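What follows is the content of run-v2.cif, which has mmCIF, C-alpha atoms:
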```
data_upload
loop_
_atom_site.group_PDB
_atom_site.id
_atom_site.type_symbol
_atom_site.label_atom_id
_atom_site.label_comp_id
_atom_site.auth_asym_id
_atom_site.auth_seq_id
_atom_site.Cartn_x
_atom_site.Cartn_y
_atom_site.Cartn_z
ATOM 1 C CA MET Y 1 -48.931 -19.134 51.991
ATOM 2 C CA LYS Y 2 -45.942 -20.714 53.630
ATOM 3 C CA LEU Y 3 -43.776 -23.202 51.823
ATOM 4 C CA SER Y 4 -42.297 -26.026 53.791
ATOM 5 C CA ARG Y 5 -38.538 -26.358 53.879
ATOM 6 C CA PHE Y 6 -38.672 -29.328 51.541
ATOM 7 C CA TYR Y 7 -40.632 -27.414 48.897
ATOM 8 C CA LYS Y 8 -38.348 -24.411 49.189
ATOM 9 C CA PHE Y 9 -35.375 -26.695 48.616
ATOM 10 C CA LEU Y 10 -37.104 -28.385 45.684
ATOM 11 C CA TYR Y 11 -37.992 -24.998 44.229
ATOM 12 C CA ILE Y 12 -34.358 -23.867 44.352
ATOM 13 C CA ILE Y 13 -33.160 -27.149 42.802
ATOM 14 C CA ILE Y 14 -35.653 -26.869 39.931
ATOM 15 C CA LEU Y 15 -34.764 -23.228 39.303
ATOM 16 C CA SER Y 16 -31.034 -24.012 39.299
ATOM 17 C CA PHE Y 17 -31.615 -26.919 36.923
ATOM 18 C CA VAL Y 18 -33.602 -24.732 34.529
ATOM 19 C CA PHE Y 19 -30.966 -21.994 34.700
ATOM 20 C CA PHE Y 20 -28.048 -24.349 33.950
ATOM 21 C CA THR Y 21 -29.956 -26.206 31.238
ATOM 22 C CA LEU Y 22 -30.763 -22.938 29.520
ATOM 23 C CA LYS Y 23 -27.159 -21.824 29.812
ATOM 24 C CA ILE Y 24 -25.831 -25.078 28.331
ATOM 25 C CA PHE Y 25 -28.438 -24.856 25.580
ATOM 26 C CA ALA Y 26 -27.369 -21.281 24.803
ATOM 27 C CA VAL Y 27 -23.684 -22.300 24.590
ATOM 28 C CA GLU Y 28 -24.546 -25.258 22.359
ATOM 29 C CA ASN Y 29 -26.638 -23.001 20.221
ATOM 30 C CA ILE Y 30 -23.699 -20.613 19.752
ATOM 31 C CA ASP Y 31 -21.400 -23.535 18.906
ATOM 32 C CA GLU Y 32 -23.881 -24.779 16.341
ATOM 33 C CA ARG Y 33 -24.074 -21.332 14.790
ATOM 34 C CA VAL Y 34 -20.262 -21.062 14.752
ATOM 35 C CA LYS Y 35 -20.120 -24.446 13.003
ATOM 36 C CA LYS Y 36 -22.763 -23.468 10.449
ATOM 37 C CA LEU Y 37 -21.068 -20.174 9.626
ATOM 38 C CA THR Y 38 -17.463 -21.406 9.605
ATOM 39 C CA LEU Y 39 -18.429 -24.271 7.283
ATOM 40 C CA GLU Y 40 -19.260 -21.566 4.729
ATOM 41 C CA LEU Y 41 -15.874 -19.880 5.121
ATOM 42 C CA ARG Y 42 -12.732 -20.853 3.259
ATOM 43 C CA CYS Y 43 -9.489 -21.479 5.096
ATOM 44 C CA MET Y 44 -7.102 -19.101 3.309
ATOM 45 C CA THR Y 45 -4.000 -21.068 4.265
ATOM 46 C CA CYS Y 46 -5.162 -24.596 3.455
ATOM 47 C CA GLN Y 47 -6.322 -26.185 0.222
ATOM 48 C CA ASN Y 48 -10.086 -26.534 -0.135
ATOM 49 C CA GLN Y 49 -10.847 -26.767 3.561
ATOM 50 C CA SER Y 50 -13.445 -24.823 5.430
ATOM 51 C CA ILE Y 51 -12.495 -22.777 8.465
ATOM 52 C CA TYR Y 52 -14.493 -25.245 10.559
ATOM 53 C CA ASP Y 53 -12.594 -28.291 9.274
ATOM 54 C CA SER Y 54 -9.180 -26.693 9.503
ATOM 55 C CA ASP Y 55 -6.887 -26.591 12.511
ATOM 56 C CA ALA Y 56 -4.612 -23.938 11.013
ATOM 57 C CA GLU Y 57 -3.858 -20.957 13.227
ATOM 58 C CA PHE Y 58 -5.661 -18.637 10.850
ATOM 59 C CA SER Y 59 -8.794 -20.801 11.021
ATOM 60 C CA ASN Y 60 -8.683 -21.013 14.800
ATOM 61 C CA ASP Y 61 -8.435 -17.211 14.984
ATOM 62 C CA ILE Y 62 -11.430 -16.795 12.688
ATOM 63 C CA LYS Y 63 -13.438 -19.352 14.715
ATOM 64 C CA LYS Y 64 -12.700 -17.340 17.861
ATOM 65 C CA ILE Y 65 -13.720 -14.077 16.212
ATOM 66 C CA VAL Y 66 -16.923 -15.578 14.821
ATOM 67 C CA LYS Y 67 -17.812 -16.977 18.251
ATOM 68 C CA ASN Y 68 -17.128 -13.672 20.010
ATOM 69 C CA LYS Y 69 -19.150 -11.736 17.466
ATOM 70 C CA LEU Y 70 -22.082 -14.145 17.672
ATOM 71 C CA LYS Y 71 -21.965 -13.879 21.464
ATOM 72 C CA ALA Y 72 -21.974 -10.104 21.100
ATOM 73 C CA GLY Y 73 -25.225 -10.444 19.159
ATOM 74 C CA GLU Y 74 -23.939 -9.717 15.659
ATOM 75 C CA SER Y 75 -25.774 -11.333 12.781
ATOM 76 C CA GLU Y 76 -24.203 -13.861 10.412
ATOM 77 C CA ARG Y 77 -24.580 -11.342 7.611
ATOM 78 C CA ASP Y 78 -22.620 -8.711 9.598
ATOM 79 C CA ILE Y 79 -19.869 -11.199 10.398
ATOM 80 C CA LYS Y 80 -19.554 -12.214 6.751
ATOM 81 C CA LYS Y 81 -19.416 -8.541 5.760
ATOM 82 C CA PHE Y 82 -16.697 -7.915 8.366
ATOM 83 C CA LEU Y 83 -14.600 -10.806 7.010
ATOM 84 C CA VAL Y 84 -15.173 -9.945 3.336
ATOM 85 C CA GLU Y 85 -14.043 -6.362 3.989
ATOM 86 C CA ARG Y 86 -10.718 -7.712 5.267
ATOM 87 C CA TYR Y 87 -10.111 -10.909 3.302
ATOM 88 C CA GLY Y 88 -12.202 -10.347 0.201
ATOM 89 C CA GLU Y 89 -14.951 -12.525 -1.193
ATOM 90 C CA TYR Y 90 -12.435 -15.324 -1.575
ATOM 91 C CA ILE Y 91 -13.107 -16.235 2.052
ATOM 92 C CA LEU Y 92 -16.685 -17.190 1.176
ATOM 93 C CA PHE Y 93 -17.355 -20.531 -0.470
ATOM 94 C CA ARG Y 94 -20.617 -19.159 -1.837
ATOM 95 C CA PRO Y 95 -20.107 -15.878 -3.718
ATOM 96 C CA LEU Y 96 -22.226 -12.926 -2.625
ATOM 97 C CA MET Y 97 -25.269 -12.082 -4.640
ATOM 98 C CA ASN Y 98 -24.335 -8.608 -5.779
ATOM 99 C CA TYR Y 99 -23.842 -6.539 -8.922
ATOM 100 C CA ASN Y 100 -20.299 -7.863 -9.493
ATOM 101 C CA ASN Y 101 -21.455 -11.463 -9.473
ATOM 102 C CA ILE Y 102 -24.633 -11.005 -11.466
ATOM 103 C CA PHE Y 103 -23.230 -12.877 -14.481
ATOM 104 C CA LEU Y 104 -22.022 -15.748 -12.305
ATOM 105 C CA TRP Y 105 -25.428 -16.230 -10.680
ATOM 106 C CA SER Y 106 -27.489 -15.653 -13.799
ATOM 107 C CA PHE Y 107 -25.389 -17.705 -16.264
ATOM 108 C CA PRO Y 108 -26.983 -21.099 -15.423
ATOM 109 C CA PHE Y 109 -30.432 -19.562 -15.915
ATOM 110 C CA ILE Y 110 -29.353 -17.982 -19.215
ATOM 111 C CA LEU Y 111 -28.125 -21.403 -20.362
ATOM 112 C CA LEU Y 112 -31.393 -22.964 -19.202
ATOM 113 C CA ILE Y 113 -33.462 -20.408 -21.131
ATOM 114 C CA ILE Y 114 -31.360 -20.899 -24.260
ATOM 115 C CA GLY Y 115 -31.709 -24.681 -23.863
ATOM 116 C CA LEU Y 116 -35.493 -24.462 -23.412
ATOM 117 C CA PHE Y 117 -35.707 -22.189 -26.440
ATOM 118 C CA PHE Y 118 -33.892 -24.763 -28.577
ATOM 119 C CA VAL Y 119 -35.945 -27.663 -27.208
ATOM 120 C CA LEU Y 120 -39.158 -25.762 -27.970
ATOM 121 C CA ILE Y 121 -38.122 -24.986 -31.542
ATOM 122 C CA LYS Y 122 -36.946 -28.555 -32.099
ATOM 123 C CA SER Y 123 -40.165 -30.053 -30.744
ATOM 124 C CA LYS Y 124 -42.265 -27.690 -32.880
ATOM 125 C CA ARG Y 125 -40.317 -28.688 -35.962
ATOM 126 C CA ASN Y 126 -40.714 -32.367 -35.155
ATOM 127 C CA LYS Y 127 -44.506 -31.901 -34.885
ATOM 128 C CA VAL Y 128 -44.613 -30.244 -38.298
ATOM 129 C CA MET Z 1 -31.612 -23.818 -38.675
ATOM 130 C CA ASN Z 2 -29.787 -27.095 -38.026
ATOM 131 C CA ARG Z 3 -26.483 -25.230 -38.192
ATOM 132 C CA ILE Z 4 -27.590 -23.006 -35.314
ATOM 133 C CA PHE Z 5 -28.294 -26.107 -33.214
ATOM 134 C CA VAL Z 6 -24.802 -27.382 -33.819
ATOM 135 C CA LEU Z 7 -22.965 -24.068 -33.627
ATOM 136 C CA THR Z 8 -24.536 -22.474 -30.528
ATOM 137 C CA PRO Z 9 -23.215 -25.006 -27.975
ATOM 138 C CA LEU Z 10 -19.831 -24.904 -29.682
ATOM 139 C CA ILE Z 11 -19.731 -21.101 -29.509
ATOM 140 C CA VAL Z 12 -20.697 -21.168 -25.815
ATOM 141 C CA LEU Z 13 -17.996 -23.784 -25.146
ATOM 142 C CA LEU Z 14 -15.452 -21.714 -27.063
ATOM 143 C CA ILE Z 15 -16.289 -18.589 -25.023
ATOM 144 C CA ILE Z 16 -15.867 -20.537 -21.769
ATOM 145 C CA CYS Z 17 -12.526 -21.922 -23.017
ATOM 146 C CA ILE Z 18 -11.293 -18.434 -23.981
ATOM 147 C CA PHE Z 19 -12.152 -17.048 -20.522
ATOM 148 C CA SER Z 20 -10.492 -20.004 -18.782
ATOM 149 C CA LEU Z 21 -7.378 -19.731 -20.937
ATOM 150 C CA ALA Z 22 -7.158 -15.967 -20.379
ATOM 151 C CA TYR Z 23 -7.290 -16.555 -16.600
ATOM 152 C CA LEU Z 24 -4.657 -19.284 -16.740
ATOM 153 C CA LEU Z 25 -2.323 -17.138 -18.838
ATOM 154 C CA SER Z 26 -2.828 -14.071 -16.641
ATOM 155 C CA GLY Z 27 -0.424 -15.632 -14.125
ATOM 156 C CA LYS Z 28 -2.820 -15.064 -11.243
ATOM 157 C CA ASP Z 29 -2.472 -17.513 -8.387
ATOM 158 C CA PRO Z 30 -5.947 -18.371 -7.102
ATOM 159 C CA ASN Z 31 -4.395 -19.209 -3.735
ATOM 160 C CA LYS Z 32 -3.102 -15.658 -3.449
ATOM 161 C CA PRO Z 33 -6.147 -13.477 -3.956
ATOM 162 C CA PRO Z 34 -5.609 -9.716 -4.149
ATOM 163 C CA SER Z 35 -6.055 -7.892 -0.874
ATOM 164 C CA ALA Z 36 -9.561 -6.686 -0.230
ATOM 165 C CA LEU Z 37 -7.993 -3.591 1.332
ATOM 166 C CA LEU Z 38 -5.942 -2.611 -1.717
ATOM 167 C CA ASN Z 39 -6.503 1.065 -2.583
ATOM 168 C CA LYS Z 40 -8.488 1.487 0.615
ATOM 169 C CA ASP Z 41 -7.637 3.394 3.779
ATOM 170 C CA VAL Z 42 -5.202 1.769 6.146
ATOM 171 C CA PRO Z 43 -7.193 0.094 8.959
ATOM 172 C CA ILE Z 44 -7.434 1.797 12.319
ATOM 173 C CA PHE Z 45 -4.864 0.368 14.716
ATOM 174 C CA GLU Z 46 -3.121 1.143 17.962
ATOM 175 C CA SER Z 47 -0.079 -0.709 19.182
ATOM 176 C CA SER Z 48 2.526 -0.331 21.860
ATOM 177 C CA SER Z 49 6.230 -0.542 21.172
ATOM 178 C CA LEU Z 50 8.032 -3.829 21.728
ATOM 179 C CA TYR Z 51 10.633 -1.935 23.727
ATOM 180 C CA ASN Z 52 8.466 0.469 25.692
ATOM 181 C CA GLU Z 53 4.839 -0.237 26.521
ATOM 182 C CA LYS Z 54 4.116 3.463 26.965
ATOM 183 C CA ASP Z 55 5.271 4.258 23.464
ATOM 184 C CA ILE Z 56 2.148 3.921 21.317
ATOM 185 C CA ILE Z 57 1.693 4.101 17.562
ATOM 186 C CA LYS Z 58 -1.679 4.862 15.994
ATOM 187 C CA THR Z 59 -3.012 5.036 12.449
ATOM 188 C CA LYS Z 60 -2.812 8.842 12.457
ATOM 189 C CA ASP Z 61 0.933 8.666 13.215
ATOM 190 C CA ILE Z 62 1.676 7.260 9.767
ATOM 191 C CA LYS Z 63 -0.427 9.811 7.906
ATOM 192 C CA ASN Z 64 1.483 12.005 5.462
ATOM 193 C CA LYS Z 65 4.417 9.633 5.239
ATOM 194 C CA LYS Z 66 5.038 6.703 2.964
ATOM 195 C CA THR Z 67 5.113 3.622 5.175
ATOM 196 C CA LEU Z 68 6.132 0.039 4.671
ATOM 197 C CA ILE Z 69 4.381 -2.239 7.140
ATOM 198 C CA ASN Z 70 5.751 -5.708 7.717
ATOM 199 C CA PHE Z 71 4.131 -8.412 9.839
ATOM 200 C CA PHE Z 72 6.750 -10.752 11.261
ATOM 201 C CA ALA Z 73 7.487 -13.125 14.116
ATOM 202 C CA SER Z 74 10.547 -14.847 15.535
ATOM 203 C CA TRP Z 75 8.923 -18.265 14.950
ATOM 204 C CA CYS Z 76 8.356 -17.505 11.259
ATOM 205 C CA SER Z 77 11.165 -18.981 9.132
ATOM 206 C CA PRO Z 78 10.293 -17.122 5.881
ATOM 207 C CA CYS Z 79 10.497 -13.856 7.873
ATOM 208 C CA LYS Z 80 14.165 -14.589 8.507
ATOM 209 C CA ILE Z 81 14.749 -14.963 4.752
ATOM 210 C CA GLU Z 82 13.364 -11.526 3.890
ATOM 211 C CA HIS Z 83 14.733 -9.772 6.991
ATOM 212 C CA PRO Z 84 18.064 -8.603 5.470
ATOM 213 C CA LEU Z 85 16.179 -6.919 2.613
ATOM 214 C CA PHE Z 86 14.643 -4.438 5.024
ATOM 215 C CA PHE Z 87 18.153 -3.182 5.805
ATOM 216 C CA GLU Z 88 18.649 -2.653 2.053
ATOM 217 C CA ILE Z 89 15.374 -0.723 1.901
ATOM 218 C CA ARG Z 90 16.359 1.246 5.007
ATOM 219 C CA LYS Z 91 19.673 2.237 3.390
ATOM 220 C CA LYS Z 92 18.228 3.043 -0.037
ATOM 221 C CA TYR Z 93 15.081 4.854 1.119
ATOM 222 C CA PRO Z 94 15.865 6.560 4.425
ATOM 223 C CA GLU Z 95 12.716 8.702 4.154
ATOM 224 C CA LEU Z 96 10.480 5.607 4.027
ATOM 225 C CA TYR Z 97 8.945 4.803 7.409
ATOM 226 C CA LEU Z 98 9.428 1.141 8.286
ATOM 227 C CA LEU Z 99 6.850 -0.205 10.667
ATOM 228 C CA GLY Z 100 7.142 -3.774 11.881
ATOM 229 C CA PHE Z 101 4.337 -5.597 13.648
ATOM 230 C CA ASN Z 102 5.481 -8.444 15.812
ATOM 231 C CA HIS Z 103 2.705 -11.012 15.510
ATOM 232 C CA LYS Z 104 1.782 -13.438 18.305
ATOM 233 C CA ASP Z 105 5.268 -13.666 19.671
ATOM 234 C CA PRO Z 106 6.556 -13.790 23.244
ATOM 235 C CA THR Z 107 8.229 -10.411 23.878
ATOM 236 C CA SER Z 108 11.532 -12.000 24.910
ATOM 237 C CA ASP Z 109 11.679 -14.091 21.704
ATOM 238 C CA ALA Z 110 10.914 -11.061 19.544
ATOM 239 C CA LYS Z 111 13.572 -8.964 21.279
ATOM 240 C CA LYS Z 112 16.143 -11.746 20.923
ATOM 241 C CA TYR Z 113 15.295 -12.156 17.221
ATOM 242 C CA LEU Z 114 15.775 -8.445 16.544
ATOM 243 C CA LYS Z 115 18.953 -8.387 18.635
ATOM 244 C CA ASP Z 116 20.481 -11.334 16.775
ATOM 245 C CA ASP Z 117 19.338 -10.436 13.243
ATOM 246 C CA GLY Z 118 19.238 -6.665 13.702
ATOM 247 C CA ASN Z 119 16.320 -4.253 13.811
ATOM 248 C CA PRO Z 120 15.620 -2.458 10.527
ATOM 249 C CA TYR Z 121 12.305 -0.959 11.687
ATOM 250 C CA ASP Z 122 11.603 2.608 12.796
ATOM 251 C CA PHE Z 123 8.988 1.254 15.143
ATOM 252 C CA VAL Z 124 8.178 -2.279 16.242
ATOM 253 C CA GLY Z 125 4.568 -2.591 17.327
ATOM 254 C CA VAL Z 126 3.243 -5.522 19.290
ATOM 255 C CA ASP Z 127 0.337 -7.525 17.896
ATOM 256 C CA SER Z 128 0.196 -10.191 20.578
ATOM 257 C CA ASP Z 129 -3.436 -11.216 20.038
ATOM 258 C CA GLY Z 130 -3.323 -10.926 16.225
ATOM 259 C CA LEU Z 131 -6.115 -8.356 16.090
ATOM 260 C CA ILE Z 132 -4.072 -5.816 14.103
ATOM 261 C CA ALA Z 133 -3.221 -8.542 11.580
ATOM 262 C CA LEU Z 134 -6.911 -9.349 11.343
ATOM 263 C CA GLU Z 135 -7.716 -5.715 10.551
ATOM 264 C CA PHE Z 136 -5.129 -5.822 7.761
ATOM 265 C CA GLY Z 137 -6.468 -9.121 6.400
ATOM 266 C CA VAL Z 138 -3.248 -10.995 7.145
ATOM 267 C CA PHE Z 139 -3.537 -14.741 6.859
ATOM 268 C CA GLY Z 140 0.034 -15.921 6.955
ATOM 269 C CA LEU Z 141 3.435 -14.515 7.820
ATOM 270 C CA PRO Z 142 5.262 -12.609 6.532
ATOM 271 C CA GLU Z 143 3.049 -10.029 4.866
ATOM 272 C CA THR Z 144 4.112 -6.584 3.705
ATOM 273 C CA TYR Z 145 2.022 -3.528 2.915
ATOM 274 C CA LEU Z 146 2.962 -0.239 1.321
ATOM 275 C CA ILE Z 147 0.942 2.756 2.442
ATOM 276 C CA ASN Z 148 1.044 6.043 0.554
ATOM 277 C CA GLU Z 149 1.011 9.552 2.012
ATOM 278 C CA ASP Z 150 -2.782 9.660 1.799
ATOM 279 C CA GLY Z 151 -3.001 6.673 4.094
ATOM 280 C CA LYS Z 152 -4.104 4.242 1.398
ATOM 281 C CA ILE Z 153 -2.783 0.699 0.980
ATOM 282 C CA ILE Z 154 -1.200 0.713 -2.465
ATOM 283 C CA TYR Z 155 0.581 -2.634 -2.368
ATOM 284 C CA LYS Z 156 0.437 -5.909 -0.521
ATOM 285 C CA TYR Z 157 2.726 -8.894 -0.713
ATOM 286 C CA MET Z 158 2.107 -12.251 0.906
ATOM 287 C CA GLY Z 159 5.199 -14.279 1.708
ATOM 288 C CA PRO Z 160 8.866 -13.325 1.946
ATOM 289 C CA ILE Z 161 9.985 -10.426 -0.203
ATOM 290 C CA THR Z 162 12.801 -11.206 -2.606
ATOM 291 C CA MET Z 163 15.221 -8.886 -4.383
ATOM 292 C CA ASP Z 164 13.209 -9.334 -7.616
ATOM 293 C CA ILE Z 165 9.955 -8.352 -5.908
ATOM 294 C CA LEU Z 166 11.658 -5.397 -4.286
ATOM 295 C CA LYS Z 167 13.081 -4.161 -7.593
ATOM 296 C CA ASN Z 168 10.146 -4.917 -9.861
ATOM 297 C CA GLU Z 169 7.125 -4.362 -7.637
ATOM 298 C CA ILE Z 170 7.967 -2.248 -4.598
ATOM 299 C CA GLU Z 171 10.623 0.178 -5.818
ATOM 300 C CA PRO Z 172 8.499 1.572 -8.689
ATOM 301 C CA LEU Z 173 5.970 2.618 -6.039
ATOM 302 C CA LEU Z 174 8.513 4.341 -3.796
#
```

Translate the structure described by the file into structure tokens.
Amino acid sequence: MKLSRFYKFLYIIILSFVFFTLKIFAVENIDERVKKLTLELRCMTCQNQSIYDSDAEFSNDIKKIVKNKLKAGESERDIKKFLVERYGEYILFRPLMNYNNIFLWSFPFILLIIGLFFVLIKSKRNKV
Amino acid sequence: MNRIFVLTPLIVLLIICIFSLAYLLSGKDPNKPPSALLNKDVPIFESSSLYNEKDIIKTKDIKNKKTLINFFASWCSPCKIEHPLFFEIRKKYPELYLLGFNHKDPTSDAKKYLKDDGNPYDFVGVDSDGLIALEFGVFGLPETYLINEDGKIIYKYMGPITMDILKNEIEPLL
């Protein structure tokens, strides 16, 4: 089967278009992931700003590192672990769910259980 | 039973208040969290000298000696404030190894800074891309670390060292 010159040309154009579209999509995808992750990270040098929202040098460095690590195929969890090992949990807006923070995470549920307990007793007493 | 209904929320509130008050009175600055690397091994690094690219310093080179690591730059004004104190430390503790890391600085500016203000360091390593600072968890200059003979970070200070900090916090560890 022989392709005419026109079809060969069209074939190359379509392939190039697909290739560049995929590449742009991949870059955008990385940028989106950088945004998502850096929004969860605290800028250590600015007050109550995320790394993503901050233009401080520290934040720009972290954005670069996050981008490079995502490009290298590292997971968000690995990147967070890498940053926590160096800057502590303070860099995370949302504390890790681990043994040290068990009280922090469970306290609202403890309060809820205590509250439900009281509501139950109160409603029982009202019925009587 | 009614007393329990009234007292329980008050007790919970009181406990929360006690914890909050204890934190406030502890003098801890929430903007200066303790280093995550405190009491951990000094990070692995490799840096060339500011004065001779072939002269390299590695983590293993500071093993078995007490080392004071200071991250500085010529563009950092607070670094200038603390700079003279390193000469005091140098004079008082000649056995202490002083390692300076020049952070994200043009070489010529760093050399000029150390020529004008003097060089108190035993070795000045270059950290042009900031990767060594990242390994140490530095997030603003200046920052100073004290490493013991076992290669563990035993002290970290963020900001310029003052005479009070030197006397009350660093010297007891030397």

(request) Using atom CA of Lys167 of chain Z and atom CA of Phe86 of chain Z as the two end points, give the distance in Å to one decimal. (result) 12.7 Å

Counting all atoms listed in the file, collect the residues of chain Z whose closest atom lies at most 7 Å from chain Y, and write them out as a PDB file with C-alpha atoms, keeping the file's coordinate frame.
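In the end it all went to part_30.pdb:
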```pdb
ATOM      1  CA  PRO Z  33      -6.147 -13.477  -3.956  1.00  0.00           C
ATOM      2  CA  SER Z  35      -6.055  -7.892  -0.874  1.00  0.00           C
ATOM      3  CA  ALA Z  36      -9.561  -6.686  -0.230  1.00  0.00           C
ATOM      4  CA  LEU Z  37      -7.993  -3.591   1.332  1.00  0.00           C
ATOM      5  CA  GLU Z 135      -7.716  -5.715  10.551  1.00  0.00           C
ATOM      6  CA  PHE Z 136      -5.129  -5.822   7.761  1.00  0.00           C
ATOM      7  CA  GLY Z 137      -6.468  -9.121   6.400  1.00  0.00           C
ATOM      8  CA  PHE Z 139      -3.537 -14.741   6.859  1.00  0.00           C
TER       9      PHE Z 139
END
```

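The space between atom CA of Lys40 of chain Z and atom CA of Arg94 of chain Y spans 24.1 Å.
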
(request) Within 12 Å of Phe87 of chain Z, counting only C-alpha atoms, which residues show up once you throw out same-chain ones fewer than 2 positions away? Write them as a list in words, please. (result) Glu82, His83, Pro84, Leu85, Ile89, Arg90, Lys91, Lys92, Tyr93, Pro94, Leu96, Leu98, Asp117, Gly118, Asn119, Pro120, Tyr121 and Asp122 of chain Z

Any idea what's packed within 8 Å of segment 74-80 of chain Z, counting only C-alpha atoms, ignoring anything in its chain fewer than 4 positions away? Could you give it as a PDB file with C-alpha atoms, keeping the file's coordinate frame?
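The file below, around.pdb, is the result:
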```pdb
ATOM      1  CA  PRO Z  84      18.064  -8.603   5.470  1.00  0.00           C
ATOM      2  CA  ASP Z 105       5.268 -13.666  19.671  1.00  0.00           C
ATOM      3  CA  ASP Z 109      11.679 -14.091  21.704  1.00  0.00           C
ATOM      4  CA  ALA Z 110      10.914 -11.061  19.544  1.00  0.00           C
ATOM      5  CA  TYR Z 113      15.295 -12.156  17.221  1.00  0.00           C
ATOM      6  CA  LEU Z 141       3.435 -14.515   7.820  1.00  0.00           C
ATOM      7  CA  PRO Z 142       5.262 -12.609   6.532  1.00  0.00           C
ATOM      8  CA  GLY Z 159       5.199 -14.279   1.708  1.00  0.00           C
ATOM      9  CA  PRO Z 160       8.866 -13.325   1.946  1.00  0.00           C
TER      10      PRO Z 160
END
```

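Atom CA of Leu131 of chain Z is positioned 15.5 Å from atom CA of Ser49 of chain Z.
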
(request) Fewer than 3 positions away in the same chain doesn't count, so skip those; otherwise give me all residues within 7 Å of Lys156 of chain Z, counting all atoms listed in the file, as a ChimeraX atom specification. (result) /Z:35,144-146

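Among the candidates Y:Leu96, Y:Leu37, Y:Ile79, Y:Leu116, the residue lying nearest to Ser50 of chain Y is Y:Leu37 (atoms considered: all atoms listed in the file).
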
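Residues surrounding Gln49 of chain Y within 10 Å are Leu39, Glu40, Leu41, Arg42, Cys43, Asp55, Ser59 and Phe93 of chain Y [only C-alpha atoms; sequence separation below 6 positions excluded].
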
Taking every listed atom of segment 62-72 of chain Y and adding 3 Å to each side, what centre and edge lengths in Å (one decimal) does the axis-aligned box have, as AutoDock Vina command-line options?
```
--center_x -16.8 --center_y -14.7 --center_z 17.1 --size_x 16.7 --size_y 15.2 --size_z 14.8
```

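When all atoms listed in the file are used to compute distances to Tyr155 of chain Z, the closest of the residues Z:Ile81, Z:Lys66, Z:Gly100, Z:Glu88 turns out to be Z:Lys66.
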
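For the structure shown here, the set of residues caught by the PyMOL selection byres ((chain Z and resi 103) around 6) is Phe72, Ala73, Phe101, Asn102, Lys104, Asp105, Asp127 and Ser128 of chain Z.
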
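Each of Y:Asn98, Y:Ser106, Y:Ser54, Y:Asn29 was checked against Lys71 of chain Y using only C-alpha atoms; the smallest atom-to-atom distance is that of Y:Asn29.
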
What residues come out when you apply the PyMOL selection byres ((chain Z and resi 151) around 12) to this file, written as a compact mmCIF listing (two decimals) with C-alpha atoms, in the coordinates of the input?
```
# COMPACT_ATOMS: atom_id res chain seq x y z
CA LEU Z 37 -7.99 -3.59 1.33
CA LEU Z 38 -5.94 -2.61 -1.72
CA ASN Z 39 -6.50 1.06 -2.58
CA LYS Z 40 -8.49 1.49 0.62
CA ASP Z 41 -7.64 3.39 3.78
CA VAL Z 42 -5.20 1.77 6.15
CA PRO Z 43 -7.19 0.09 8.96
CA ILE Z 44 -7.43 1.80 12.32
CA THR Z 59 -3.01 5.04 12.45
CA LYS Z 60 -2.81 8.84 12.46
CA ASP Z 61 0.93 8.67 13.22
CA ILE Z 62 1.68 7.26 9.77
CA LYS Z 63 -0.43 9.81 7.91
CA ASN Z 64 1.48 12.00 5.46
CA LYS Z 65 4.42 9.63 5.24
CA LYS Z 66 5.04 6.70 2.96
CA THR Z 67 5.11 3.62 5.18
CA LEU Z 68 6.13 0.04 4.67
CA ILE Z 69 4.38 -2.24 7.14
CA TYR Z 145 2.02 -3.53 2.92
CA LEU Z 146 2.96 -0.24 1.32
CA ILE Z 147 0.94 2.76 2.44
CA ASN Z 148 1.04 6.04 0.55
CA GLU Z 149 1.01 9.55 2.01
CA ASP Z 150 -2.78 9.66 1.80
CA LYS Z 152 -4.10 4.24 1.40
CA ILE Z 153 -2.78 0.70 0.98
CA ILE Z 154 -1.20 0.71 -2.46
CA TYR Z 155 0.58 -2.63 -2.37
```

(request) Given the file shown, enumerate the residues that the PyMOL selection byres ((chain Y and resi 35) around 10) captures and present them as a list in words. (result) Asn29, Ile30, Asp31, Glu32, Arg33, Val34, Lys36, Leu37, Thr38, Leu39, Glu40, Ile51, Tyr52, Asp53, Lys63, Val66 and Lys67 of chain Y
